[in-house]
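> Here it is, the structure, as C-alpha cells.
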Amino acid sequence: MLITKLKDRETLEALAAGKVFVVNCHGCKEVSFPEKEAAELQKEWLEADKITGVLTTDYICNPDNMKLRLERRRAQIDEANVVLVFSCGVGVQTVAEYLEGKKVCAGCDTYPLPGYQGVTPLDVDCDQCGECYLNLTGGICPITACSKSLVNGQCGGAKNGHCEVDSNMECGWERIYRRLAQIGRLDALKCPVQIRNFATDLNVSKE
Amino acid sequence: MENYTKYRLKEIDELAPFLAETDDIFVVACNKCFKEFESLEEPDCGEFVEMAKGQGKNVTGALKVDFLCNKVQTEKKLKDAIPEGTKSIFVVSCGLGVQTVAELKDLPVYAAANSLNYRGHHGMALTKKACEACAQCYLNMTGGICPIIDCSKSLVNGQCGGAKNGKCEVDSNKDCAWEKIQNRLAQQGRLDELKAMPVQVRDYSKINFELINDYVTSIRESRFAGYYGGVHPSERKELSEKYSLVAFPEPETVVIPLAQHAGAPANPVVAVGDSVKVGQKIGEAAGFISSPIHSSVSGTVIAVEERLHPTRGGTALSVVIKSDGKDTLDPSVKPNKPLEELTPDEIIDIVREAGIVGMGGAGFPTSVKLKPGKPIDAVILNGCECEPLLTADHRVLLEFADSVIYGLRAMLKAVNAPKGIIVIEDNKPDAVELLTAKTADIEDIEVVTARTKYPQGAEKMLIKRVMGRQVPSGGLPADVGCVVGNVSTAKAIADAIRTGMPLVERVVTVTGEKIKKPGNYIVKIGTSIKALVDYCGGTTDEDVIFKSGGPMMGIDLPELDVPVIKATNGVIAIEPDVSQEVACIKCGRCVDVCPMELSPLYFSKYADSENWLGMKEKNVMDCIECRSCEYICSSKIPLVKKIKAGKNMVRGMK
C-alpha cells in the first residue's frame with residue numbers, strides 16, 4: 001500500500017553487477033507500482049543476458065506464499081549474484097529474511113506518505129496520530145489538511161485562503177473554520193490548547 | 001497473525017464533554033480492516049452505544065459498515081439510514097472513516113475512536129515487517145534489514161554503542177538492528193561493503209504532496225472510469241497482437257462436440273460412415289435455447305461418441321470426422337439475399353441455422369438474443385477484449401472490419417434498433433482508428449473508445465460504461481433496451497448472410513509467456529488444441545498450465561487433446577500459481593474492485609461455514625464470476641470456486 005518509484009538508473013546498474021534474479025511485486029500495483037519502467041529495464045537486462053529469472057507475482061509481503069514461490073525458482077536464485085526486488089520496503093525485507101544467505105536488494109524507493117491512504121485511494125488522509133482531533137475540527141483533519149499539522153488553529157501565513165507552504169492547497173484551518181460555522185459549532189475552537197503526543201502505540205499489534 | 005486494526009474507542013472521560021453538548025445520536029461503526037476475519041461482530045459499536053446511553057443520551061440508531069473509507073459504498077449505505085430528528089453522528093473508526101462521513105453529511109460528526117499510531121506503514125499481508133516510506137531505501141546496504149524501522153533510533157550509519165548483549169538500550173526486548181545487520185552481512189560475506197559504505201545522511205525533505213495527490217487522483221479516475229471497481233491486470237498483449245491472422249493447416253481429424261453453447265446440446269443427425277461436407281449440419285438444435293452444429297471439414301464420420309470436452313470438465317457427445325483434405329462445400333452453403341432485402345425474421349433464421357453463438361466465451365445462442373421481446377434502442381458490439389493476453393478480437397477488428405460492421409448492421413435490422421455502438425478499449429488504437437474511419441459515413445453506427453479496465457467486456461459493465469444504464473439485479477440487457485454481442489459474433493453473422501457459411505471456424509489466439517511462437521490463427525472448429533500448441537512450437541519448459549480463454553476467466557485445460565469450440569477465443573500457456581489460501585485479513589480490496597458492488601469477503605466466510613442463506617442475502621446470484629476479487633485477494637482465497645458452490649446451493653433453494 002505504498003507508492004514506489006524505481007531507483008535511478010545508475011544505482012540500479014551498480015546493484016545489478018553480475019547475474020540478477022528479479023522479483024516484481026504487483027500486489028498493490030492498483031495503487032502504486034512503476035510497472036512499465038521496471039519492465040523496460042528488465043527487458044534490456046534480459047537481452048543482455050543479465051537475468052537468471054523473473055518472478056512477477058503479488059503480495060510478496062506474505063511470507064508463507066512467498067516461500068512456496070521462491071522455492072520453485074531455487075535454481076535460478078542460486079545462479080544469481082543478487083536478488084533484486086521491485087517492491088516497497090516490506091516486500092524486500094520479506095524476501096531478504098527468507099533468502100538469508102543471499103544478497104537481496106531493493107530496486108525501488110518508496111514515496112514518503114504523509115497520511116495513510118486507507119483501503120481505497122481517497123482524497124482524505126489519516127496520519128494515524130493516535131489521538132483523533134476530528135471532534136474539535138468538524139471532521140477535517142488538522143494533521144493532514146494543514147501542511148504544518150497545527151492543532152491549535154491557523155499559523156497566519158495563509159494568503160487568500162491558500163497555504164503558504166503549498167499554494168495549490170487550501171488552508172486546512174480556514175476549511176475547519178468554515179465547516180464549524182456551517183454546523184454551528186464555532187464554540188469548539190474555544191477548547192483548551194491541544195498538545196500533540198508523538199508517542200506510538202508500540203504494543204498495539206501485540207495486544 | 002498480526003492485527004493492524006486502525007482504531008480503538010476513546011475513553012469515556014474524553015468523550016463525555018462531547019456527549020454532554022448533544023443528544024439524539026446516530027452511531028456509524030466501521031467493521032474494521034487489516035485483522036483476521038474471524039467474527040462478523042465487532043464489539044466497539046455496542047460498547048459506544050452503551051457508553052452514550054450511560055450518559056443519558058438517546059441513540060436514534062446504529063449502522064455497522066464494512067470499509068467505511070470506501071466512499072462510494074458508504075454513501076449508498078448512509079443514504080436513508082439516518083432517522084429524522086438525529087442531531088449528531090458519532091463515528092467509531094479510524095480518521096479516514098470519520099472524515100468520509102463528515103464529508104457526506106451536514107450533521108455534526110464526532111470521532112468516537114482514536115486511530116492507532118503504528119510506526120511504519122505495513123504491507124498488505126499482516127506481517128511484522130514495516131516500511132516507514134522514508135523514500136531512500138537503505139536495504140541494499142544492510143542485508144535487507146531496515147535500519148529505520150528495526151533500530152529504535154533509526155540510525156543509518158551503524159550501531160550507537162548502547163546495545164547490551166545484543167539488545168537495544170531503548171527497548172531491551174528488541175534485538176539491536178545493527179548487530180543483526182552486521183551478522184547478516186557477515187553471513188553473506190559482505191562486510192567489506194559495510195566498511196566501504198559512505199556516511200549516509202537521511203533526507204527528510206522529500207515529501208511531495210502534489211505528486212501524491214496527483215497520483216491518488218489519477219488512480220481514482222482510472223478505478224472509477226465508466227463503472228465502479230474493476231482491475232488492471234498486466235495486459236501482455238504485445239506477445240501476439242502484431243501477428244496477422246494465419247489459416248491453421250487442415251486438421252486430419254476433427255472432434256466436434258454437440259455441446260458448444262449455453263442450453264441443450266444438439267442432437268446428432270449423422271452416423272458413423274456418413275460422408276459430410278464443409279458447412280453440412282451434423283447436429284440439430286434441441287430446443288429454444290440450443291444451437292445446430294456443422295461440419296468444419298469434408299470427409300467421413302468415424303465416430304459419434306463421448307469425448308473430452310475443453311470447458312465442461314468431463315466428456316460430451318461429439319462427432320469425429322476424418323478429413324479428406326478437399327474442403328468440399330456442402331450445397332446448402334450459398335449466399336443469401338443482400339441485407340437490404342432480408343426481413344428481421346429472415347436474419348434471425350439465418351443466424352440460428354448457421355449455429356451462431358456468443359463467441360466472447362459464454363456461447364449463448366445469438367438468435368435468442370436477437371429476439372429480446374422488448375424495444376431495443378442500442379446494439380452494443382463488444383470489441384473491448386479486456387482479458388489480458390488475448391488478441392483474437394483485436395485481429396478480427398483489424399482484418400475483418402467490414403464484416404464486423406456488416407454483422408452489426410444485420411443485428412440492428414434484426415432487433416429494429418436505431419443505433420449501433422462498437423466499443424473498443426484504448427489499448428487498441430489502430431482498431432479504433434480503422435473502425436472510426438470505416439463507420440464515419442454510417443449514421444447509425446458509432447465507435448466508442450473506452451479506457452482499458454477489466455471486466456469492461458462483461459455486458460453489464462459495458463452497458464453502464466456506454467449507456468450509463470444499470471441492468472437490474474437478475475435482469476438482462478434487454479431490460480434496459482440493449483443487446484450486446486461480440487465483434488467475432490458479428491463477423492460470423494456477416495459470413496452467414498454473405499456466403500451462407502455457418503459457424504465452422506473461428507479466430508483463436510495462442511499465447512502466454514510459455515508459448516514459443518505466439519500467434520493468431522483461423523482455426524476450424526474441432527481442431528485439437530494440442531495440434532495448435534504443437535504448431536506454435538510447444539512450450540518453453542514443462543512448468544506450465546494451459547487455459548482455454550484468458551488468464552482471468554479462462555478455464556484450466558488439464559488435458560490438451562480437446563477440441564477448439566465456438567467459444568474458444570484463446571489458448572494460453574502460463575506459469576502455474578503455487579500460492580495457497582490463507583486467512584482473510586479484511587483488506588477490503590475485493591469490495592474495492594467488485595464491478596457488481598458486492599462484498600466477496602462474505603462469500604468466502606459463508607461458504608466455509610455453509611451459510612448459503614447468508615450468501616443469498618449478500619446477493620451472490622448477481623456475481624458475474626469475473627474473478628476480479630480473486631485476482632486482487634491478498635490471501636489468495638479461491639473466491640470464485642466458493643461463489644460457484646454458493647450459487648449452486650442457492651439455486652437449489654428455490
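Ordering of the C-alpha cells sets the chain letters (A, B, ...); residue numbers start at 1 within each chain; ligands are numbered from 1 in the order shown.
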DSSP on the backbone, alpha helix (DSSP H) only: what residues of region 514-639 of chain B does that give? Format it as number ranges by chain.

B: 529-535, 589-593, 600-608, 612-617, 628-632, 639

> Could you make a table, as CSV, of the residues of chain A that have an atom within 6 Å of an atom of chain B, each with its nearest atom pair and distance in Å to one decimal, counting only C-alpha atoms, in chain and number order?


residue,atom,partner,partner_atom,distance
A:Cys61,CA,B:Ala125,CA,5.7
A:Asn62,CA,B:Ala125,CA,5.1
A:Asn65,CA,B:Ser579,CA,5.1
A:Gly89,CA,B:Cys131,CA,5.2
A:Val90,CA,B:Cys131,CA,5.5
A:Gln93,CA,B:Gly144,CA,5.2
A:Ala96,CA,B:Gly144,CA,5.1
A:Gly101,CA,B:Gln188,CA,5.3
A:Cys105,CA,B:Asn140,CA,4.5
A:Ala106,CA,B:Asn140,CA,5.9
A:Asp109,CA,B:Ala135,CA,5.2
A:Thr110,CA,B:Ala135,CA,4.7
A:Tyr111,CA,B:Ala135,CA,4.9
A:Pro112,CA,B:Ala133,CA,4.7
A:Pro121,CA,B:Val216,CA,5.8
A:Cys126,CA,B:Gly95,CA,5.3
A:Gln128,CA,B:Asn117,CA,4.9
A:Cys129,CA,B:Asn117,CA,5.4
A:Gly130,CA,B:Asn117,CA,4.6
A:Glu131,CA,B:Asn114,CA,5.1
A:Cys132,CA,B:Asn114,CA,4.9
A:Asn135,CA,B:Tyr110,CA,4.7
A:Gly139,CA,B:Gln99,CA,5.2
A:Thr200,CA,B:Asn117,CA,5.1
A:Asp201,CA,B:Asn117,CA,5.2
A:Ser205,CA,B:Asn3,CA,5.3

> Which distance in Å separates CA of Pro198 (chain B) and CA of Leu155 (chain B), to one decimal?

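Pair CA of Pro198 (chain B) / CA of Leu155 (chain B) returns 14.0 Å.
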
> Contacts of region 180-194 of chain A at 8 Å or less, counting only C-alpha atoms, minus same-chain residues fewer than 3 places along, as a list in words?

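Answer for this query is Leu136, Thr137, Gly138, Val151, Asn152, Ile176 and Tyr177 of chain A; Asp106, Leu107 and Pro108 of chain B.
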
> Would you export the selected residues with N, CA and C atoms as an mmCIF file, in the first residue's frame, please?


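Generated file (result14.cif):
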data_model
loop_
_atom_site.group_PDB
_atom_site.id
_atom_site.type_symbol
_atom_site.label_atom_id
_atom_site.label_comp_id
_atom_site.auth_asym_id
_atom_site.auth_seq_id
_atom_site.Cartn_x
_atom_site.Cartn_y
_atom_site.Cartn_z
ATOM 1 N N LEU A 136 -12.961 18.245 17.287
ATOM 2 C CA LEU A 136 -12.842 19.686 17.522
ATOM 3 C C LEU A 136 -12.762 20.458 16.219
ATOM 4 N N THR A 137 -12.741 19.741 15.119
ATOM 5 C CA THR A 137 -12.435 20.399 13.849
ATOM 6 C C THR A 137 -13.475 20.116 12.773
ATOM 7 N N GLY A 138 -14.666 19.709 13.180
ATOM 8 C CA GLY A 138 -15.727 19.489 12.200
ATOM 9 C C GLY A 138 -15.434 18.367 11.227
ATOM 10 N N VAL A 151 -2.330 22.051 15.466
ATOM 11 C CA VAL A 151 -3.526 21.559 16.132
ATOM 12 C C VAL A 151 -4.243 22.645 16.930
ATOM 13 N N ASN A 152 -3.718 23.875 16.895
ATOM 14 C CA ASN A 152 -4.363 24.949 17.657
ATOM 15 C C ASN A 152 -4.721 26.140 16.785
ATOM 16 N N ILE A 176 -11.594 24.293 8.245
ATOM 17 C CA ILE A 176 -12.169 23.878 9.532
ATOM 18 C C ILE A 176 -13.116 24.969 10.051
ATOM 19 N N TYR A 177 -12.669 26.210 9.942
ATOM 20 C CA TYR A 177 -13.485 27.319 10.438
ATOM 21 C C TYR A 177 -14.826 27.361 9.695
ATOM 22 N N ASP B 106 -24.195 16.677 6.596
ATOM 23 C CA ASP B 106 -24.109 18.033 7.119
ATOM 24 C C ASP B 106 -24.217 18.094 8.635
ATOM 25 N N LEU B 107 -24.658 17.008 9.268
ATOM 26 C CA LEU B 107 -24.778 16.996 10.724
ATOM 27 C C LEU B 107 -23.393 17.050 11.369
ATOM 28 N N PRO B 108 -23.305 17.532 12.605
ATOM 29 C CA PRO B 108 -22.009 17.461 13.301
ATOM 30 C C PRO B 108 -21.564 16.000 13.425
#

> Excluding same-chain residues fewer than 5 positions from Gly475 (chain B), what lies within 10 Å of it counting only C-alpha atoms, as JSON, numbers by chain?

{"B": [460, 470, 480, 622]}

> Could you pull the residues within 9 Å of Gly273 (chain B), counting only C-alpha atoms, minus those fewer than 3 positions along the same chain, as a PDB file with N, CA and C atoms, in the first residue's frame?


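Resulting contents of part37.pdb:
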ATOM      1  N   VAL B 270     -25.956 -37.305 -38.025  1.00  0.00           N
ATOM      2  CA  VAL B 270     -25.115 -38.126 -38.896  1.00  0.00           C
ATOM      3  C   VAL B 270     -24.723 -39.385 -38.134  1.00  0.00           C
ATOM      4  N   THR B 300     -15.246 -38.162 -43.699  1.00  0.00           N
ATOM      5  CA  THR B 300     -16.095 -39.261 -43.267  1.00  0.00           C
ATOM      6  C   THR B 300     -16.241 -39.254 -41.746  1.00  0.00           C
ATOM      7  N   VAL B 301     -17.468 -39.476 -41.292  1.00  0.00           N
ATOM      8  CA  VAL B 301     -17.707 -39.591 -39.847  1.00  0.00           C
ATOM      9  C   VAL B 301     -17.126 -40.916 -39.375  1.00  0.00           C
ATOM     10  N   ILE B 302     -16.175 -40.863 -38.443  1.00  0.00           N
ATOM     11  CA  ILE B 302     -15.592 -42.127 -37.982  1.00  0.00           C
ATOM     12  C   ILE B 302     -16.073 -42.509 -36.586  1.00  0.00           C
ATOM     13  N   ALA B 303     -16.707 -41.603 -35.884  1.00  0.00           N
ATOM     14  CA  ALA B 303     -17.271 -41.963 -34.584  1.00  0.00           C
ATOM     15  C   ALA B 303     -18.265 -40.891 -34.152  1.00  0.00           C
TER      16      ALA B 303
END

> Enumerate the residues of region 90-157 of chain A with a DSSP assignment of strand (DSSP E or B), computed from the backbone, and present them as a PyMOL selection string.

chain A and resi 104-106+108-110+116+126

> Write out as a VMD selection string the residues lying within 12 Å of Glu164 (chain A), counting only C-alpha atoms and excluding same-chain residues fewer than 4 positions away.

chain A and resid 146 to 148 154 to 160 168 to 172

> Can you write just those residues out, N, CA and C atoms, as a short mmCIF file (atom, residue, chain, number, x, y, z; two decimals), in the first residue's frame?


data_model
loop_
_atom_site.label_atom_id
_atom_site.label_comp_id
_atom_site.auth_asym_id
_atom_site.auth_seq_id
_atom_site.Cartn_x
_atom_site.Cartn_y
_atom_site.Cartn_z
N CYS A 146 -3.55 20.39 7.11
CA CYS A 146 -2.69 21.56 7.32
C CYS A 146 -1.25 21.13 7.07
N SER A 147 -0.55 21.86 6.22
CA SER A 147 0.83 21.48 5.87
C SER A 147 1.70 21.38 7.11
N LYS A 148 1.39 22.19 8.10
CA LYS A 148 2.23 22.21 9.30
C LYS A 148 1.67 21.34 10.41
N GLN A 154 -4.89 28.37 12.89
CA GLN A 154 -4.14 28.87 11.75
C GLN A 154 -2.78 29.45 12.13
N CYS A 155 -1.80 29.30 11.23
CA CYS A 155 -0.48 29.85 11.50
C CYS A 155 -0.42 31.34 11.18
N GLY A 156 -1.37 31.79 10.35
CA GLY A 156 -1.36 33.21 9.98
C GLY A 156 -0.70 33.46 8.65
N GLY A 157 -0.15 32.42 8.06
CA GLY A 157 0.59 32.62 6.80
C GLY A 157 -0.24 32.42 5.55
N ALA A 158 -1.50 32.04 5.70
CA ALA A 158 -2.31 31.76 4.51
C ALA A 158 -2.58 33.03 3.71
N LYS A 159 -2.56 32.88 2.40
CA LYS A 159 -2.88 34.03 1.53
C LYS A 159 -4.09 33.67 0.70
N ASN A 160 -5.11 34.50 0.75
CA ASN A 160 -6.35 34.25 0.01
C ASN A 160 -6.85 32.83 0.23
N ASN A 168 -1.23 25.48 -3.89
CA ASN A 168 -2.33 24.75 -4.51
C ASN A 168 -3.28 24.18 -3.47
N MET A 169 -2.87 24.31 -2.22
CA MET A 169 -3.62 23.65 -1.15
C MET A 169 -4.40 24.72 -0.40
N GLU A 170 -5.66 24.40 -0.09
CA GLU A 170 -6.43 25.33 0.73
C GLU A 170 -5.91 25.27 2.16
N CYS A 171 -6.03 26.38 2.86
CA CYS A 171 -5.63 26.38 4.27
C CYS A 171 -6.57 25.47 5.04
N GLY A 172 -6.02 24.45 5.68
CA GLY A 172 -6.83 23.49 6.42
C GLY A 172 -7.65 24.16 7.51
#

> If we count only C-alpha atoms and set the cut-off at 8 Å, which residues sit around region 257-264 of chain B, ignoring sequence neighbours fewer than 4 positions away in its own chain? Please answer as a ChimeraX atom specification.

/B:268,283,285-287,289-291,293,307,309,316-319,357,362-365,526,563,565-567
